[in-house]
Each structure stands twice: as structure tokens, then as C-alpha cells.
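Here's the structure we're looking at; comments come further down.
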Amino acid sequence: MATSRRIATVTAVGLCGGLLAACSGAGGAGGGSGSHSINVLMVNNPQMTDLQKLTADHFTKTTGIKVHFTVLPENDVRDKISQDFASQAGQYDVATISNYEAPIYAKNGWLSPLTGHAKGEAAFDQSDILPAIQQALTADGQIYAEPFYGESSFLMYRKDVLAAQHLTMPAHPTWTQIADLAAKADGAQPGMKGICLRGQPGWGEVMAPVTTVVNTMGGTWFEKDWTPKVNSPEFTKAVEFYVNLVRSHGEAGAPQAGFTECLNDMTQGQVAMWYDATSAAGALEAAGSPVAGKIGYAPAPVDRTKSSGWLYTWAWGLQKASQHQDDAWKFISWASGKDYENLVGKQLGWSRIPAGKRTSTYANPQYVAAAQAFASATQDALTSVDPANPGVQPRPAPGIQFVGIPEFTDLGTQVSQQISAAIAGKTSVADALRHGQDRAQAVADKHKGQ
């Protein structure tokens, strides 16, 4: 997912003096070496790198709370977070979790509820958090995480390339229309392919966009009664469509391409279109980007549903075992607050603020001016999602690009490997989904017995 969320280089400089090993643990369990010191474990995305740069001078200097960062790639950070929070070791006070983990961790008793803090601090303005994001981080009426940034998904395309080919992007495209445009834009410029779609294995990589296609084409992982539907005609139709599209008109090296690779391809003019996270737009439109000003943005393509964008947020979760609850909340409220967005805008540029979480962001004239190419499209995407009902039939668990159950990390990963193999031409979609159905049945049997 998003994205946006997968940068290959590990950066762990921040306040720790440069070496990742120096950050980890920061002198002992329980959140740092001093009474006003906390440990933060987070994913290595650009927005987090900006946070590291600003923390010492703009948070620590004001509060006296030192922040020791450990920064890892997404797959690695998820493993480390789950280990530390599951054991309640308390080594990390705060960690970046998503709307997938938040309700699961809350149910397991690994997180401290933040409702009292959030609603008791008027300046934080909890009511300003976008409703879909807030709901996704709430369980049993309690807020368990605060968003750092949020994203949905949309279609990004080269306006100039389509215009030169006398092609028009519909205001609300269908996947059939996108496939037709991809075929016509393929080869529009030397070495240019029609579209970039993730093919890299991972429940948060290829499975994220694939599942949105499954949803809008009438499929689902499970029906309301937990009947698995991974090899159903609708699921099969969607995966075959996706695989055929990326094989016919997609990027080079598609089976290994994730968010980062597609971002590079779009930035370097290797593809005419790209369906992925809304948070990618900031990088495409950044100063110095060779495609800035050339990109158009359209809603996530649909088939049988009115909308099909996903919902994802990197958010701050507070470990229940933390010995520094109040200091940890001060960090969370600062990093997720309006003042932090303003700080980033003034210090680093308004297009770089961690957006997608607050209504007020889209009423900020400075941000809207800097992000005019994509701000409205992003807001529309984030306000049109419905995690409880993303398809054409009722679901047993919430989630758009994932199923909100602990077993999905393994199930989604296993199926993603098969689909990636189909993109590589090493297996058929039918065989890939037959294996997926078997794994989904095992998950279903467990939940039906509960």
C-alpha cells in the first residue's frame, strides 16, 4: 500500500546519530534511557524521514522529550512491531501501524486507547480527522491510533501523452476503458508502456490493487458466512483481467514491480498511466520532478461498483506496556496535529505535508495551491470509500484492499505469490486461485468454528 510506503533504502539517522543499531532500544526497554525519552519504531517512508529531520528542533526543544527512532522497510518493521507489541516488551513506546493492524492489536490488548487524550485536547481537534480514517482506527468505540497520513487509490496518467494520441480520459473511467487506453498508449513514446500495475508479491503489494479490482468486478475473498470465493467466476475474471492487462501493456519487470518501481517508471516517462496510491502524487508533482504538471488524476476505475479506491493510513499506535504514556501521547498529538502539517509546509514545502487525514488540510489555501493538481482528487477518493461495504455483497470482516482478520497477512501473501507467478507466466490464473481457495478454506473453517 500504500505506498508511498515502500522505499528501498533504510534511513535511520534522525536523532540517533546515524546508525540503526544505535537507535534500536535506545539504552534499554521501557522507552528510552531517561524519564523524558521515548522510542519510536516506524516505516522508512519519505514522510517519516521528514519527521526525523524536524523532531529535535521542533518537538524536543519545546517539550524536552527526546525521541529515539528505529526506521525499517515495511515488511521488516511490521515483523518487529508485531513481535514487540505481542510480547508487550515495551521496548518501543510508539510504532507506525495501519488501519489493518489497529483493530486487531486493540482486540489483543496490545494498544493503549487514545480516546481520552484525543478528545480531552481541544487543540488536537479529533473531529477534524477524516471520518473514514477515524472509523478505521476505532474499535469498540475507542480510538486506538492517530493517523500520520492517509491514502486511497486513483488513476494517474500523462495528460500530454494521451492528448498527443487523441485519447480522452473519462471523468469516471471503467476498467474496460482503462485497458483500451493502455493498449492505445502503449508505445506512444519510445520505450513507453501503456500502464504500470504492481506485480510484486505481498499482501500489501500486488494484492492491494488486485483486491480493489476483485471488489468492483463482483468478487470477494469471503462471503458473509465465511464461504471462501477465491476461485469464484468473479474473482477469477478480475485476476485474469489484471494479469492480462499488465502482461500485455504493463511495465517491464512487472513481477518484481511494487509501488517504488512504478513511481520510478512514471517519473521517468516509462509508462503512460499508473493505478496506485493517492500519496504518490506528491512525489510526481514535487519540485524537480520531470513529469510535474504533466499528470492528470482520475478516480479508481470501476466495473460494477460506484467507487473502488482503497483506504490506508500509517498511524501512531501507543503500546500498552509503555512506561511513558503521557510523553508518547505528546509525540503522537504533535506528529498527527495541524501544527505539524503547517511546520512541514513552511519548512519543506506544502506539497510534502503528510496529508490525507484531516478535513482542514483541504481547506488550507497554501496546501491547495501547492497541491492543486491532485488535492481535490485525493479528497474525493478518501471521502468516497466504504471499508464495510467495498463490493457488491456483504462481507464478514471490514477492509477494502485486505480482509480485516489476522490470518490475512499469510493468506494474502500466499495468494499474491501465485498471482505474481501468473504475471511472470510461470503458472495460470486458474491454478493460482485454486491454491488460494484451498488456503482460504482453511481460514474459513477456523472462523466458522468460532
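Here, A, B, ... name the chains of the C-alpha cells in the order displayed, residue numbers run from 1 inside each chain, and ligands are numbered from 1 in the same displayed order.
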
Range 304-393 of chain A near range 226-249 of chain A within 12 Å: what's each residue's closest atom pair and its distance in Å to one decimal, counting only C-alpha atoms, ordered by chain then ascending residue number, as a tab-separated table?
```
residue	atom	partner	partner_atom	distance
A:Arg304	CA	A:Glu234	CA	10.9
A:Gly391	CA	A:Glu234	CA	11.3
A:Val392	CA	A:Glu234	CA	10.9
A:Gln393	CA	A:Lys229	CA	11.7
```

Write to file, as a PDB file, in the first residue's frame, the residues of the selection just made, with N, CA and C atoms.
```
ATOM      1  N   ARG A 304     -18.560  -2.807 -11.534  1.00  0.00           N
ATOM      2  CA  ARG A 304     -19.936  -2.954 -11.040  1.00  0.00           C
ATOM      3  C   ARG A 304     -20.253  -2.069  -9.844  1.00  0.00           C
ATOM      4  N   GLY A 391     -17.777  -3.919  -1.925  1.00  0.00           N
ATOM      5  CA  GLY A 391     -18.129  -4.681  -3.118  1.00  0.00           C
ATOM      6  C   GLY A 391     -19.619  -4.741  -3.346  1.00  0.00           C
ATOM      7  N   VAL A 392     -20.071  -5.852  -3.910  1.00  0.00           N
ATOM      8  CA  VAL A 392     -21.493  -5.984  -4.246  1.00  0.00           C
ATOM      9  C   VAL A 392     -22.230  -6.910  -3.296  1.00  0.00           C
ATOM     10  N   GLN A 393     -21.499  -7.502  -2.329  1.00  0.00           N
ATOM     11  CA  GLN A 393     -22.146  -8.402  -1.381  1.00  0.00           C
ATOM     12  C   GLN A 393     -21.613  -8.137   0.037  1.00  0.00           C
TER      13      GLN A 393
END
```

Taking only residues of range 183-227 of chain A that have an atom at most 12 Å from an atom of range 430-445 of chain A, what is each one's shortest atom pair and its distance in Å to one decimal, using only C-alpha atoms, in chain and number order, as a tab-separated table?
```
residue	atom	partner	partner_atom	distance
A:Thr220	CA	A:Ala440	CA	11.3
A:Trp221	CA	A:Ala440	CA	7.7
A:Phe222	CA	A:Ala444	CA	7.9
A:Glu223	CA	A:Ala444	CA	9.8
A:Lys224	CA	A:Ala444	CA	10.7
A:Asp225	CA	A:Ala444	CA	8.8
A:Trp226	CA	A:Ala444	CA	5.3
A:Thr227	CA	A:Ala444	CA	6.5
```

Which residues are close to Lys119 in chain A, i.e. within 12 Å by only C-alpha atoms, leaving aside same-chain residues fewer than 5 positions away? Reply as a list in words.
Pro113, Leu114, Phe124, Asp125, Gln126, Ser127, Asp128, Ile129, Gln142, Ile143, Glu146 and Ser333 of chain A

Using only C-alpha atoms, please write the residues we just selected to a file, as a short mmCIF file (atom, residue, chain, number, x, y, z; two decimals), in the first residue's frame.
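Now in out33.cif:
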```
data_model
loop_
_atom_site.label_atom_id
_atom_site.label_comp_id
_atom_site.auth_asym_id
_atom_site.auth_seq_id
_atom_site.Cartn_x
_atom_site.Cartn_y
_atom_site.Cartn_z
CA PRO A 113 -6.77 3.61 23.92
CA LEU A 114 -6.25 7.23 22.94
CA PHE A 124 -5.68 18.35 18.60
CA ASP A 125 -9.22 18.55 17.20
CA GLN A 126 -10.17 14.90 16.82
CA SER A 127 -13.33 15.88 14.93
CA ASP A 128 -11.12 17.19 12.12
CA ILE A 129 -9.84 13.68 11.31
CA GLN A 142 -12.33 3.58 21.42
CA ILE A 143 -9.70 5.34 19.31
CA GLU A 146 -3.94 8.52 15.28
CA SER A 333 -0.51 14.59 19.11
#
```

I'd like the interatomic distance between CA of Val40 in chain A and CA of Gly356 in chain A, to a tenth of an Å.
21.8 Å

So, with only C-alpha atoms as the atoms that count, which of A:Ile104, A:Leu343, A:Leu311, A:Ala185 lies closest to Pro406 in chain A?
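The shortest atom-to-atom distance to Pro406 in chain A comes from A:Ile104.
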
Which residue, A:Ser152, A:Asn99, A:Gln189, A:Thr63, has the smallest gap to Ala164 in chain A when you use only C-alpha atoms?
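Smallest distance to Ala164 in chain A is found for A:Gln189.
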
From the DSSP assignment of the backbone, select every residue of range 116-215 of chain A that is helix (DSSP H, G or I), and format the answer as a PyMOL selection string.
chain A and resi 116-120+122-124+126-128+131-136+159-164+175-185+207-215

Apply DSSP to the structure's backbone, then extract all residues of range 148-346 of chain A labelled strand (DSSP E or B) and return them as number ranges by chain.
A: 148-151, 153-158, 174, 193, 196, 222, 228, 271, 273-277, 295-299, 302, 312-319

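Between CA of Val302 in chain A and CA of Lys426 in chain A lies a distance of 28.3 Å.
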
Using only C-alpha atoms, find the one residue out of A:Gly109, A:Gly345, A:Pro354, A:Gly64 that sits nearest to Met48 in chain A.
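When distances to Met48 in chain A are compared using only C-alpha atoms, the smallest one comes from A:Pro354.
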
From the options A:Leu167, A:Leu137, A:Ala89, A:Met266, which residue's atoms come nearest to Pro290 in chain A, counting only C-alpha atoms?
A:Met266

Contacts of Ala335 in chain A at 10 Å or less, counting only C-alpha atoms, minus same-chain residues fewer than 3 places along, as an mmCIF file with N, CA and C atoms, in the first residue's frame?
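Contents of the output file selection36.cif:
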```cif
data_model
loop_
_atom_site.group_PDB
_atom_site.id
_atom_site.type_symbol
_atom_site.label_atom_id
_atom_site.label_comp_id
_atom_site.auth_asym_id
_atom_site.auth_seq_id
_atom_site.Cartn_x
_atom_site.Cartn_y
_atom_site.Cartn_z
ATOM 1 N N MET A 48 8.140 10.008 6.913
ATOM 2 C CA MET A 48 8.765 9.721 8.193
ATOM 3 C C MET A 48 10.185 10.286 8.254
ATOM 4 N N LEU A 51 9.868 13.733 9.192
ATOM 5 C CA LEU A 51 9.570 13.821 10.620
ATOM 6 C C LEU A 51 10.852 13.762 11.446
ATOM 7 N N THR A 55 12.062 16.722 14.233
ATOM 8 C CA THR A 55 11.698 16.411 15.616
ATOM 9 C C THR A 55 12.557 17.130 16.652
ATOM 10 N N PHE A 59 10.091 19.548 18.294
ATOM 11 C CA PHE A 59 9.340 18.827 19.325
ATOM 12 C C PHE A 59 10.151 18.736 20.602
ATOM 13 N N GLU A 146 -3.710 7.241 15.933
ATOM 14 C CA GLU A 146 -3.944 8.520 15.278
ATOM 15 C C GLU A 146 -3.159 8.554 13.973
ATOM 16 N N PRO A 147 -3.789 9.006 12.902
ATOM 17 C CA PRO A 147 -3.152 8.929 11.586
ATOM 18 C C PRO A 147 -2.012 9.931 11.402
ATOM 19 N N PHE A 148 -0.962 9.484 10.740
ATOM 20 C CA PHE A 148 0.108 10.385 10.325
ATOM 21 C C PHE A 148 -0.191 10.883 8.913
ATOM 22 N N TYR A 149 -0.554 9.972 8.033
ATOM 23 C CA TYR A 149 -1.107 10.372 6.741
ATOM 24 C C TYR A 149 -2.016 9.274 6.236
ATOM 25 N N ALA A 315 -0.420 5.118 10.892
ATOM 26 C CA ALA A 315 -0.891 5.793 12.092
ATOM 27 C C ALA A 315 0.004 5.443 13.270
ATOM 28 N N TRP A 316 -0.116 6.234 14.326
ATOM 29 C CA TRP A 316 0.700 6.047 15.526
ATOM 30 C C TRP A 316 -0.072 5.238 16.561
ATOM 31 N N TRP A 329 2.008 10.191 24.132
ATOM 32 C CA TRP A 329 0.858 10.905 23.574
ATOM 33 C C TRP A 329 1.259 12.291 23.076
ATOM 34 N N LYS A 330 2.118 12.971 23.796
ATOM 35 C CA LYS A 330 2.557 14.298 23.340
ATOM 36 C C LYS A 330 3.212 14.210 21.971
ATOM 37 N N PHE A 331 3.999 13.173 21.760
ATOM 38 C CA PHE A 331 4.616 12.987 20.446
ATOM 39 C C PHE A 331 3.552 12.704 19.392
ATOM 40 N N ILE A 332 2.626 11.804 19.703
ATOM 41 C CA ILE A 332 1.576 11.450 18.747
ATOM 42 C C ILE A 332 0.746 12.672 18.375
ATOM 43 N N LYS A 338 -2.411 19.528 13.415
ATOM 44 C CA LYS A 338 -2.446 20.560 12.379
ATOM 45 C C LYS A 338 -1.150 21.369 12.364
ATOM 46 N N ASP A 339 -0.614 21.649 13.541
ATOM 47 C CA ASP A 339 0.597 22.465 13.602
ATOM 48 C C ASP A 339 1.766 21.770 12.911
ATOM 49 N N TYR A 340 1.806 20.435 12.981
ATOM 50 C CA TYR A 340 2.888 19.729 12.304
ATOM 51 C C TYR A 340 2.754 19.873 10.792
ATOM 52 N N GLU A 341 1.542 19.777 10.280
ATOM 53 C CA GLU A 341 1.345 19.977 8.845
ATOM 54 C C GLU A 341 1.826 21.362 8.421
ATOM 55 N N PRO A 354 2.190 15.576 5.321
ATOM 56 C CA PRO A 354 1.541 14.256 5.404
ATOM 57 C C PRO A 354 0.023 14.414 5.385
#
```

One number please: CA of Ala254 in chain A to CA of Gly150 in chain A, in Å, one decimal.
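One can read the CA of Ala254 in chain A to CA of Gly150 in chain A distance as 25.9 Å.
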
Residue nearest Val94 in chain A - candidates A:Gly194, A:Gly317, A:Gly258, A:Gly253, atoms counted: only C-alpha atoms
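Closest residue, counting only C-alpha atoms: A:Gly317.
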
Residue contacts of Pro170 in chain A (12 Å, only C-alpha atoms) excluding same-chain residues fewer than 6 positions away, as a list in words:
Leu155, Tyr157, Leu162, Thr176, Gln177, Ile178, Asp180, Leu181, Gly296, Tyr297, Ala298, Pro299, Ala300, Pro301 and Val302 of chain A

Keeping C-alpha atoms for every residue in the selection just given, could you write it to a file as a PDB file, in the first residue's frame?
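Full text of again32.pdb as output:
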```
ATOM      1  CA  LEU A 155      -5.550   6.547 -11.714  1.00  0.00           C
ATOM      2  CA  TYR A 157      -1.992   9.459 -16.376  1.00  0.00           C
ATOM      3  CA  LEU A 162      -2.978  10.993 -24.164  1.00  0.00           C
ATOM      4  CA  THR A 176     -12.578  -1.693 -19.673  1.00  0.00           C
ATOM      5  CA  GLN A 177     -11.908   1.881 -20.745  1.00  0.00           C
ATOM      6  CA  ILE A 178      -8.525   1.892 -18.985  1.00  0.00           C
ATOM      7  CA  ASP A 180      -8.419   0.247 -24.068  1.00  0.00           C
ATOM      8  CA  LEU A 181      -6.438   3.404 -23.277  1.00  0.00           C
ATOM      9  CA  GLY A 296      -3.835  14.038 -14.664  1.00  0.00           C
ATOM     10  CA  TYR A 297      -5.757  12.259 -11.897  1.00  0.00           C
ATOM     11  CA  ALA A 298      -8.947  10.220 -12.278  1.00  0.00           C
ATOM     12  CA  PRO A 299     -10.949   8.142  -9.773  1.00  0.00           C
ATOM     13  CA  ALA A 300     -10.066   4.496  -9.274  1.00  0.00           C
ATOM     14  CA  PRO A 301     -11.507   2.587 -12.251  1.00  0.00           C
ATOM     15  CA  VAL A 302     -14.728   0.666 -11.644  1.00  0.00           C
TER      16      VAL A 302
END
```

Find the residue from A:Val67, A:Ala363, A:Ile97, A:Ala375 that sits nearest to Asp327 in chain A; use only C-alpha atoms when measuring.
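The closest residue to Asp327 in chain A is A:Val67.
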
Pick out the residues sitting within 6 Å of range 407-414 of chain A, and hand them over as a compact mmCIF listing (two decimals) with C-alpha atoms, in the first residue's frame; count only C-alpha atoms, and ignore anything fewer than 2 positions along from it in its own chain.
```txt
# COMPACT_ATOMS: atom_id res chain seq x y z
CA GLY A 202 2.95 -9.25 -0.91
CA TRP A 203 -0.44 -8.79 0.68
CA ILE A 405 -8.51 -10.65 10.11
CA SER A 416 0.00 -12.85 -4.03
CA GLN A 417 2.94 -15.12 -4.77
```

Selection near Ala370 in chain A, 10 Å with only C-alpha atoms, sequence-local residues under 6 positions removed, as a VMD selection string
chain A and resid 282 285 to 286 345 349 to 352
